[in-house]
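Engineer: See coords_6.tsv below, with TSV, C-alpha atoms and all ligand atoms.
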chain	number	residue	atom	x	y	z
A	1	MET	CA	102.12	106.62	94.64
A	2	VAL	CA	98.55	105.83	95.01
A	3	ASP	CA	97.93	103.33	97.67
A	4	LEU	CA	100.83	104.48	99.55
A	5	ARG	CA	99.37	107.11	101.72
A	6	CYS	CA	96.23	105.16	102.18
A	7	ILE	CA	98.20	102.32	103.60
A	8	ILE	CA	100.33	104.60	105.72
A	9	LEU	CA	97.29	106.31	107.16
A	10	VAL	CA	95.15	103.29	107.68
A	11	ILE	CA	97.97	101.36	109.19
A	12	VAL	CA	100.81	103.35	110.68
A	13	PHE	CA	98.78	105.57	112.87
A	14	PRO	CA	98.11	103.29	115.83
A	15	CYS	CA	101.87	102.97	116.11
A	16	LEU	CA	102.44	106.69	116.07
A	17	VAL	CA	99.98	107.20	118.89
A	18	GLY	CA	102.26	105.22	121.15
A	19	VAL	CA	105.17	107.57	120.65
A	20	LEU	CA	103.57	110.19	122.80
A	21	ASP	CA	104.36	108.68	126.14
A	22	ALA	CA	105.37	111.44	128.56
A	23	SER	CA	103.32	114.61	128.02
A	24	ALA	CA	103.20	118.05	129.64
A	25	GLY	CA	100.22	117.05	131.79
A	26	ASP	CA	101.65	113.93	133.35
A	27	THR	CA	105.07	115.43	134.04
A	28	ASP	CA	103.37	118.11	136.17
A	29	PRO	CA	104.37	117.42	139.83
A	30	LEU	CA	100.89	118.38	141.11
A	31	TYR	CA	99.28	115.82	138.84
A	32	ARG	CA	101.84	113.17	139.79
A	33	HIS	CA	101.31	113.82	143.47
A	34	CYS	CA	97.53	113.57	143.02
A	35	VAL	CA	97.81	110.21	141.19
A	36	GLY	CA	100.26	108.85	143.79
A	37	GLU	CA	97.96	109.83	146.66
A	38	CYS	CA	94.91	108.47	144.88
A	39	GLU	CA	96.51	105.08	144.21
A	40	ARG	CA	97.43	104.90	147.90
A	41	THR	CA	94.17	106.13	149.43
A	42	GLY	CA	91.70	105.43	146.60
A	43	CYS	CA	90.39	109.02	146.68
A	44	VAL	CA	90.74	112.27	144.73
A	45	ARG	CA	89.46	115.12	146.91
A	46	GLU	CA	85.98	113.94	148.00
A	47	ARG	CA	85.62	111.25	145.33
A	48	CYS	CA	86.68	107.66	146.18
A	49	PHE	CA	86.87	104.59	143.94
A	50	THR	CA	85.92	101.06	144.96
A	51	ASN	CA	88.40	99.62	142.45
A	52	CYS	CA	91.25	101.01	144.53
A	53	ASN	CA	90.45	98.70	147.49
A	54	PHE	CA	92.68	95.70	146.90
A	55	PRO	CA	94.94	93.69	149.20
A	56	LEU	CA	98.49	95.01	149.07
A	57	ASN	CA	100.33	91.69	149.20
A	58	GLY	CA	103.27	92.98	147.25
A	59	SER	CA	102.90	90.79	144.18
A	60	SER	CA	103.81	92.39	140.92
A	61	ILE	CA	101.82	92.65	137.71
A	62	ASP	CA	105.06	92.70	135.73
A	63	GLY	CA	106.63	89.49	137.09
A	64	PRO	CA	106.53	86.04	135.51
A	65	TRP	CA	103.02	84.62	135.01
A	66	TYR	CA	103.20	82.21	137.98
A	67	LEU	CA	103.83	85.10	140.37
A	68	GLN	CA	101.08	87.27	138.96
A	69	GLU	CA	97.70	87.91	140.48
A	70	PRO	CA	94.48	86.69	138.88
A	71	LEU	CA	93.40	88.79	135.95
A	72	TYR	CA	90.43	90.35	137.74
A	73	LEU	CA	92.74	91.75	140.44
A	74	GLN	CA	95.11	93.12	137.82
A	75	TRP	CA	92.15	94.64	136.04
A	76	LYS	CA	91.04	96.24	139.30
A	77	LYS	CA	94.49	97.78	139.73
A	78	TRP	CA	94.50	99.06	136.17
A	79	ASP	CA	90.99	100.42	136.62
A	80	CYS	CA	92.04	102.14	139.84
A	81	GLN	CA	94.98	103.71	138.04
A	82	SER	CA	92.74	104.74	135.17
A	83	ASP	CA	90.16	106.33	137.54
A	84	CYS	CA	92.90	108.10	139.49
A	85	ARG	CA	94.53	109.46	136.36
A	86	TYR	CA	91.21	110.61	134.96
A	87	HIS	CA	89.96	112.40	138.05
A	88	CYS	CA	93.36	113.94	138.83
A	89	MET	CA	93.44	115.21	135.26
A	90	VAL	CA	89.94	116.67	135.58
A	91	GLU	CA	90.94	118.44	138.80
A	92	ARG	CA	94.20	119.73	137.30
A	93	GLU	CA	92.40	120.98	134.21
A	94	LYS	CA	89.84	122.78	136.38
A	95	ASP	CA	92.68	124.51	138.25
A	96	ARG	CA	94.44	125.35	134.99
A	97	ALA	CA	91.25	126.77	133.47
A	98	ALA	CA	90.74	128.92	136.59
A	99	VAL	CA	94.04	130.70	135.86
A	100	ASN	CA	93.32	130.86	132.10
A	101	GLU	CA	95.72	128.11	131.06
A	102	GLY	CA	94.79	125.96	128.06
A	103	PRO	CA	94.51	122.15	128.11
A	104	VAL	CA	97.65	119.96	128.00
A	105	LYS	CA	98.10	116.30	127.12
A	106	TYR	CA	98.26	113.53	129.73
A	107	HIS	CA	100.01	110.25	128.84
A	108	GLY	CA	99.92	111.21	125.17
A	109	LYS	CA	96.22	112.05	125.13
A	110	TRP	CA	94.21	115.24	125.45
A	111	PRO	CA	91.89	115.62	128.44
A	112	PHE	CA	88.69	113.97	127.25
A	113	GLN	CA	85.38	113.89	128.99
A	114	ARG	CA	84.17	110.42	129.82
A	115	LEU	CA	80.74	109.43	128.63
A	116	TYR	CA	79.05	106.43	130.28
A	117	GLY	CA	82.50	105.20	131.30
A	118	PHE	CA	83.95	105.51	127.77
A	119	GLN	CA	87.20	107.48	127.83
A	120	GLU	CA	87.07	108.73	124.25
A	121	PRO	CA	83.51	108.06	123.07
A	122	VAL	CA	83.92	109.69	119.65
A	123	SER	CA	87.07	107.70	118.81
A	124	VAL	CA	85.29	104.57	120.00
A	125	ALA	CA	82.33	105.30	117.72
A	126	PHE	CA	84.57	105.94	114.71
A	127	SER	CA	86.64	102.81	115.43
A	128	VAL	CA	83.42	100.79	115.45
A	129	LEU	CA	82.37	102.42	112.16
A	130	ASN	CA	85.77	101.57	110.65
A	131	LEU	CA	85.26	98.00	111.79
A	132	ALA	CA	81.79	98.00	110.23
A	133	MET	CA	83.22	99.44	107.00
A	134	HIS	CA	85.81	96.65	106.82
A	135	PHE	CA	83.09	94.10	107.50
A	136	HIS	CA	80.92	95.59	104.75
A	137	GLY	CA	83.88	95.69	102.35
A	138	TRP	CA	84.82	92.12	103.14
A	139	LEU	CA	81.25	90.84	102.86
A	140	SER	CA	80.70	92.52	99.49
A	141	PHE	CA	84.08	91.16	98.33
A	142	PHE	CA	83.00	87.66	99.41
A	143	ILE	CA	79.62	87.97	97.67
A	144	LEU	CA	81.28	89.25	94.49
A	145	LEU	CA	83.76	86.37	94.42
A	146	HIS	CA	81.37	83.58	95.26
A	147	TYR	CA	78.05	84.64	93.74
A	148	LYS	CA	78.78	87.07	90.91
A	149	LEU	CA	82.07	86.06	89.34
A	150	PRO	CA	82.81	82.68	87.72
A	151	LEU	CA	84.13	79.96	90.05
A	152	LYS	CA	86.44	77.02	89.49
A	153	GLN	CA	84.94	73.53	89.49
A	154	ASN	CA	85.98	73.07	93.12
A	155	LYS	CA	83.91	76.20	93.98
A	156	GLN	CA	87.00	78.27	94.61
A	157	SER	CA	87.53	81.70	93.13
A	158	TYR	CA	89.78	82.32	90.16
A	159	TYR	CA	91.09	85.40	91.96
A	160	ASP	CA	94.39	84.15	93.29
A	161	PHE	CA	94.70	86.77	96.03
A	162	ALA	CA	91.27	86.09	97.56
A	163	GLY	CA	92.59	84.19	100.58
A	164	LEU	CA	95.14	86.90	101.34
A	165	TRP	CA	92.46	89.61	101.32
A	166	HIS	CA	90.25	87.49	103.59
A	167	ILE	CA	93.07	87.38	106.15
A	168	TYR	CA	93.60	91.12	105.66
A	169	ALA	CA	89.92	91.71	106.44
A	170	LEU	CA	90.10	89.64	109.63
A	171	LEU	CA	93.25	91.41	110.84
A	172	SER	CA	91.75	94.83	110.05
A	173	MET	CA	88.55	94.08	111.92
A	174	ASN	CA	90.57	92.70	114.82
A	175	SER	CA	92.69	95.85	114.87
A	176	TRP	CA	89.68	98.21	114.85
A	177	PHE	CA	87.97	96.12	117.51
A	178	TRP	CA	90.92	96.56	119.87
A	179	SER	CA	91.19	100.21	118.86
A	180	ALA	CA	87.60	100.66	120.04
A	181	VAL	CA	88.36	98.82	123.28
A	182	PHE	CA	91.55	100.82	123.86
A	183	HIS	CA	89.77	104.14	123.32
A	184	SER	CA	87.03	102.94	125.70
A	185	ARG	CA	89.42	102.09	128.49
A	186	ASP	CA	93.15	102.72	128.33
A	187	VAL	CA	94.81	100.14	130.61
A	188	ILE	CA	97.97	98.04	130.13
A	189	LEU	CA	96.07	95.06	128.72
A	190	THR	CA	93.98	97.02	126.21
A	191	GLU	CA	97.03	99.02	125.14
A	192	ARG	CA	99.01	95.85	124.48
A	193	LEU	CA	96.18	94.26	122.55
A	194	ASP	CA	95.70	97.40	120.45
A	195	TYR	CA	99.42	97.77	119.68
A	196	SER	CA	99.92	94.09	118.97
A	197	SER	CA	96.92	94.04	116.62
A	198	ALA	CA	98.17	97.13	114.82
A	199	VAL	CA	101.67	95.66	114.39
A	200	ALA	CA	100.18	92.40	113.11
A	201	LEU	CA	98.08	94.32	110.59
A	202	ILE	CA	100.96	96.48	109.34
A	203	GLY	CA	103.29	93.51	109.09
A	204	TYR	CA	100.72	91.44	107.27
A	205	SER	CA	99.87	94.32	104.92
A	206	LEU	CA	103.55	94.49	104.02
A	207	ILE	CA	103.58	90.79	103.13
A	208	LEU	CA	100.39	91.29	101.11
A	209	ALA	CA	101.83	94.32	99.31
A	210	ILE	CA	104.92	92.34	98.29
A	211	LEU	CA	102.95	89.29	97.18
A	212	ARG	CA	100.45	91.35	95.18
A	213	SER	CA	102.85	93.84	93.64
A	214	PHE	CA	105.31	91.14	92.58
A	215	ASN	CA	102.38	88.94	91.58
A	216	VAL	CA	103.61	85.96	93.62
A	217	ARG	CA	101.10	83.22	92.92
A	218	ASP	CA	102.92	80.03	93.73
A	219	GLU	CA	102.24	78.69	97.26
A	220	ALA	CA	105.84	77.71	98.00
A	221	SER	CA	107.18	81.11	96.94
A	222	ARG	CA	104.54	82.85	99.04
A	223	VAL	CA	105.59	80.88	102.11
A	224	MET	CA	109.24	81.66	101.44
A	225	VAL	CA	108.55	85.39	101.12
A	226	ALA	CA	106.24	85.52	104.14
A	227	ALA	CA	108.29	83.40	106.57
A	228	PRO	CA	111.05	85.90	107.49
A	229	PHE	CA	108.46	88.69	107.89
A	230	LEU	CA	106.21	86.52	110.06
A	231	ALA	CA	109.21	85.58	112.20
A	232	PHE	CA	110.16	89.23	112.63
A	233	ILE	CA	106.61	90.41	113.39
A	234	THR	CA	106.12	87.64	115.95
A	235	THR	CA	109.42	88.48	117.65
A	236	HIS	CA	108.56	92.18	117.69
A	237	VAL	CA	105.13	91.57	119.27
A	238	LEU	CA	106.68	89.26	121.88
A	239	TYR	CA	109.35	91.89	122.59
A	240	LEU	CA	106.75	94.62	123.14
A	241	ASN	CA	104.57	92.47	125.38
A	242	ASN	CA	107.12	90.52	127.37
A	243	TYR	CA	110.25	92.62	127.43
A	244	LYS	CA	109.66	96.30	126.91
A	245	MET	CA	106.82	98.42	125.52
A	246	ASP	CA	109.26	100.65	123.64
A	247	TYR	CA	107.10	103.24	121.86
A	248	GLY	CA	109.97	104.84	119.92
A	249	TRP	CA	111.28	101.52	118.61
A	250	ASN	CA	107.77	100.37	117.80
A	251	MET	CA	107.20	103.51	115.75
A	252	GLN	CA	110.42	102.96	113.81
A	253	VAL	CA	109.44	99.38	113.04
A	254	CYS	CA	105.96	100.43	111.95
A	255	VAL	CA	107.22	103.28	109.77
A	256	VAL	CA	109.82	101.08	108.05
A	257	MET	CA	107.24	98.36	107.37
A	258	ALA	CA	104.74	100.94	106.10
A	259	VAL	CA	107.20	102.78	103.87
A	260	THR	CA	108.38	99.47	102.39
A	261	GLN	CA	104.86	98.47	101.48
A	262	LEU	CA	104.27	101.91	100.01
A	263	VAL	CA	107.26	101.46	97.73
A	264	CYS	CA	105.87	98.09	96.65
A	265	TRP	CA	102.46	99.55	95.84
A	266	ALA	CA	104.12	102.47	94.04
A	267	VAL	CA	106.10	100.15	91.77
A	268	TRP	CA	103.02	98.09	91.14
A	269	ALA	CA	100.82	101.13	90.43
A	270	GLY	CA	103.45	102.36	88.01
A	271	VAL	CA	103.67	99.20	85.93
A	272	THR	CA	100.03	98.12	85.78
A	273	HIS	CA	97.26	99.98	83.98
A	274	HIS	CA	94.52	99.31	86.43
A	275	PRO	CA	91.08	100.56	85.34
A	276	SER	CA	90.28	101.72	88.90
A	277	ARG	CA	93.14	104.10	89.36
A	278	TRP	CA	90.86	106.98	90.23
A	279	LYS	CA	89.83	105.16	93.39
A	280	LEU	CA	93.43	104.98	94.42
A	281	TRP	CA	93.91	108.67	93.72
A	282	THR	CA	90.83	109.54	95.75
A	283	VAL	CA	92.33	107.62	98.63
A	284	VAL	CA	95.64	109.49	98.21
A	285	VAL	CA	94.00	112.93	98.31
A	286	GLY	CA	91.76	111.93	101.20
A	287	GLY	CA	94.74	110.43	102.99
A	288	GLY	CA	96.79	113.61	102.45
A	289	LEU	CA	94.04	115.75	103.97
A	290	ALA	CA	93.68	113.33	106.85
A	291	MET	CA	97.40	113.57	107.48
A	292	LEU	CA	97.02	117.32	108.02
A	293	LEU	CA	94.75	116.51	110.95
A	294	GLU	CA	97.57	114.66	112.60
A	295	ILE	CA	100.07	117.45	111.91
A	296	TYR	CA	97.75	120.17	113.26
A	297	ASP	CA	96.80	118.19	116.33
A	298	PHE	CA	94.28	120.17	118.38
A	299	PRO	CA	92.66	119.61	121.80
A	300	PRO	CA	89.19	118.11	121.94
A	301	TYR	CA	86.30	120.40	121.12
A	302	LYS	CA	83.92	120.37	124.14
A	303	GLY	CA	86.10	117.59	125.55
A	304	PHE	CA	85.02	115.13	122.84
A	305	ILE	CA	86.22	115.66	119.26
A	306	ASP	CA	89.98	116.00	118.73
A	307	ALA	CA	92.20	115.60	115.66
A	308	HIS	CA	92.72	111.90	116.39
A	309	ALA	CA	88.97	111.25	116.46
A	310	LEU	CA	88.54	113.15	113.16
A	311	TRP	CA	91.39	111.13	111.72
A	312	HIS	CA	89.51	107.96	112.58
A	313	ALA	CA	86.47	109.49	110.87
A	314	THR	CA	88.38	110.09	107.62
A	315	THR	CA	89.55	106.47	107.38
A	316	ILE	CA	85.89	105.36	107.18
A	317	PRO	CA	85.30	106.59	103.59
A	318	LEU	CA	88.90	105.68	102.66
A	319	THR	CA	88.24	102.11	103.78
A	320	PHE	CA	85.11	102.04	101.63
A	321	ILE	CA	87.08	103.12	98.55
A	322	TRP	CA	89.93	100.74	99.38
A	323	TRP	CA	87.59	97.72	99.45
A	324	SER	CA	85.93	98.94	96.29
A	325	PHE	CA	89.38	98.90	94.70
A	326	ILE	CA	90.02	95.36	95.99
A	327	ARG	CA	86.74	94.21	94.40
A	328	ASP	CA	87.72	95.89	91.13
A	329	ASP	CA	91.08	94.14	91.29
A	330	ALA	CA	89.33	90.78	91.61
A	331	GLU	CA	87.09	91.54	88.62
A	332	PHE	CA	90.00	92.92	86.59
A	333	ARG	CA	92.20	89.88	87.17
A	334	ILE	CA	89.42	87.36	86.55
A	335	SER	CA	88.37	89.08	83.33
A	336	ASN	CA	92.02	89.09	82.20
A	337	LEU	CA	92.29	85.37	82.95
A	338	ILE	CA	89.11	84.64	81.00
A	339	LYS	CA	90.36	86.69	78.04
A	340	LYS	CA	93.61	84.71	78.06
A	341	VAL	CA	91.73	81.37	78.10
A	342	LYS	CA	89.58	82.49	75.15
A	401	ZN	ZN	92.91	105.75	117.74
Using C-alpha cells, write down the structure from this file.
Ligand SMILES: [Zn+2]
Structural biologist:
Amino acid sequence: MVDLRCIILVIVFPCLVGVLDASAGDTDPLYRHCVGECERTGCVRERCFTNCNFPLNGSSIDGPWYLQEPLYLQWKKWDCQSDCRYHCMVEREKDRAAVNEGPVKYHGKWPFQRLYGFQEPVSVAFSVLNLAMHFHGWLSFFILLHYKLPLKQNKQSYYDFAGLWHIYALLSMNSWFWSAVFHSRDVILTERLDYSSAVALIGYSLILAILRSFNVRDEASRVMVAAPFLAFITTHVLYLNNYKMDYGWNMQVCVVMAVTQLVCWAVWAGVTHHPSRWKLWTVVVGGGLAMLLEIYDFPPYKGFIDAHALWHATTIPLTFIWWSFIRDDAEFRISNLIKKVK
C-alpha cells in the first residue's frame, strides 16, 4: 500500500495536467476573438509584441520536418501565441473582475501573473527544488554505495538494483527540469518535452517496480521484462509527438502504468519485512494529503500560488523520504547478503 500513492503522486500528475485542455476561459468567444486578432495584428489593445512580426509564407509548423521553418521562427510563433494568450487573458480577467466574476481557467491553467517572463514562477521554483531534491537523494545514494558500504573487488556495489536507481534519478531530474521549463513558458515544444519526459519516467518506474518487487536480478530476465514496456513507451511518446497530442489517451496510459506499479509495490511491501516501513507510510500519508490539493483545486492566491504549485511543494519532502528509503533498501539488502555469506 505504501509506495503506491507516493509513486502515483510523484509520477502520474504531469499526465493529469494535460487532461484539462479546453477550459471555461478559452472557450469564451471574447477571449478567442482577442487571441485571433492579436495573432493577426500582433497587438492586444495598446500593447504590441515584436515576436508577432514574422513573414506569413504559409508554411506549417505541423507538417513534415523538411517543410517546417527553422526552430527560431517556430519559437517566435509560439512566443507570439503565448504573449497573445497571456495578455488577452489578463484583459478578460480585468473585465470579469469589473463585473464581480471570479477567475476561470484558460487552456487548463488558472490565470497566473507573470514574473520576469516566468508564467508560473512558484511552480517553476518548486520544480527546481524537486530537481534539487532528486539530485541530493541521488548523490547521497551514490556516496553511500561507493564510499560507505562494502564494494566488490571490481569496485562495483553489491546492491544489485543500484544501476536501475541511477537511471531513475536521471529520468526524474530530466522530468523536473522540463517541468520547470514548461511552467516557465508553455509552448508546443516545452509541452511536448514535459509530457514525453513524464511518460518516460512513469514507464521506467513501472519497469523498476516490477524488477524490484519480483526481485529480478538476472540481466537476461531484466531485458526480457523491460523490452515490451520500452517498446510500448517509445511508441506512445512517438504517437504523442508525431501523430496526436491526445491528452485523454495519455492520461489513461499514465494511470494504467501507475496503478500497475502500485500493485507491484503493494505486493512487495506485503511480503517483505523492510525495516524502513515507516518512511513508506509517511510518504503515503503525505501523498494522501497532497492528493486533496488536486481534488480541491483552487485559483492562484494573488495570482501566484495555486493548488498545483502547492502540490509540487509537497513532493519535495516526499522525494526526500523516498530517496532515504532507497538508501535504506541498499543497506538492508547488502547487510542481508553479508549475513548470508557469513
Ligand atoms: Zn506542474
Engineer: Write out as an MDAnalysis selection string each polymer residue whose atoms come within 12 Å of Pro29 in chain A, counting only C-alpha atoms; drop sequence neighbours fewer than 6 positions from it.
Structural biologist: chainID A and resid 35:36 88 92
Engineer: Counting all atoms listed in the file, name the residues that have an atom within 7 Å of an atom of ligand ZN 401 (chain A); the answer should be given as JSON, numbers by chain.
Structural biologist: {"A": [14, 123, 179, 183, 308, 309, 312]}
Engineer: What is the CA of Trp268 in chain A-CA of Phe232 in chain A distance in Å, reported with one decimal?
Structural biologist: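 Separation of CA of Trp268 in chain A and CA of Phe232 in chain A: 24.3 Å.
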Engineer: Counting all atoms listed in the file, what is within 6 Å of Gln119 in chain A, bar same-chain residues fewer than 4 positions away, as a PDB file with C-alpha atoms, keeping the file's coordinate frame?
Structural biologist:
ATOM      1  CA  ARG A 114      84.170 110.420 129.820  1.00  0.00           C
ATOM      2  CA  SER A 184      87.030 102.940 125.700  1.00  0.00           C
ATOM      3  CA  ARG A 185      89.420 102.090 128.490  1.00  0.00           C
TER       4      ARG A 185
END
Engineer: Near Leu170 in chain A, within 12 Å and counting only C-alpha atoms, which residues show up once chain neighbours fewer than 2 positions away are dropped, as a compact mmCIF listing (two decimals) with C-alpha atoms, in the coordinates of the input?
Structural biologist:
# COMPACT_ATOMS: atom_id res chain seq x y z
CA LEU A 131 85.26 98.00 111.79
CA ALA A 132 81.79 98.00 110.23
CA HIS A 134 85.81 96.65 106.82
CA PHE A 135 83.09 94.10 107.50
CA HIS A 136 80.92 95.59 104.75
CA GLY A 137 83.88 95.69 102.35
CA TRP A 138 84.82 92.12 103.14
CA LEU A 139 81.25 90.84 102.86
CA GLY A 163 92.59 84.19 100.58
CA LEU A 164 95.14 86.90 101.34
CA TRP A 165 92.46 89.61 101.32
CA HIS A 166 90.25 87.49 103.59
CA ILE A 167 93.07 87.38 106.15
CA TYR A 168 93.60 91.12 105.66
CA SER A 172 91.75 94.83 110.05
CA MET A 173 88.55 94.08 111.92
CA ASN A 174 90.57 92.70 114.82
CA SER A 175 92.69 95.85 114.87
CA TRP A 176 89.68 98.21 114.85
CA PHE A 177 87.97 96.12 117.51
CA SER A 197 96.92 94.04 116.62
CA ALA A 200 100.18 92.40 113.11
CA LEU A 201 98.08 94.32 110.59
CA TYR A 204 100.72 91.44 107.27
CA SER A 205 99.87 94.32 104.92
Engineer: Pick from A:Asp26, A:Glu91, A:Glu101, A:Asp218: nearest to Val44 in chain A, with all atoms listed in the file counted?
Structural biologist: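 Nearest candidate to Val44 in chain A out of A:Asp26, A:Glu91, A:Glu101, A:Asp218: A:Glu91.
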Engineer: Considering only C-alpha atoms, return as a PDB file with C-alpha atoms, in the frame of the given file whatever protein or nucleic-acid residues lie within 8 Å of Val267 in chain A, sequence-local ones (same chain, fewer than 4 positions apart) excluded.
Structural biologist:
ATOM      1  CA  SER A 213     102.850  93.840  93.640  1.00  0.00           C
ATOM      2  CA  VAL A 263     107.260 101.460  97.730  1.00  0.00           C
ATOM      3  CA  VAL A 271     103.670  99.200  85.930  1.00  0.00           C
TER       4      VAL A 271
END
Engineer: Could you check which of A:Ala330, A:Val187, A:Ile338, A:Ala307 is closest to Ser140 in chain A, using all atoms listed in the file?
Structural biologist: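 Of A:Ala330, A:Val187, A:Ile338, A:Ala307, the one nearest Ser140 in chain A is A:Ala330, counting all atoms listed in the file.
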Engineer: At a cut-off of 9 Å, using all atoms listed in the file, what residues contact Tyr106 in chain A? Leave out same-chain residues fewer than 3 positions from it and give the result as a PyMOL selection string.
Structural biologist: chain A and resi 21-27+85+89+109-111
Engineer: Enter the distance from CA of Ile334 in chain A to CA of Trp278 in chain A, in Å, rounded to one decimal.
Structural biologist: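 Interatomic distance, CA of Ile334 in chain A to CA of Trp278 in chain A: 20.0 Å.
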Engineer: Find the distance between CA of Gln261 in chain A and CA of Ser196 in chain A and write it in Å to one decimal.
Structural biologist: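 Here the two named atoms are 18.7 Å from each other.
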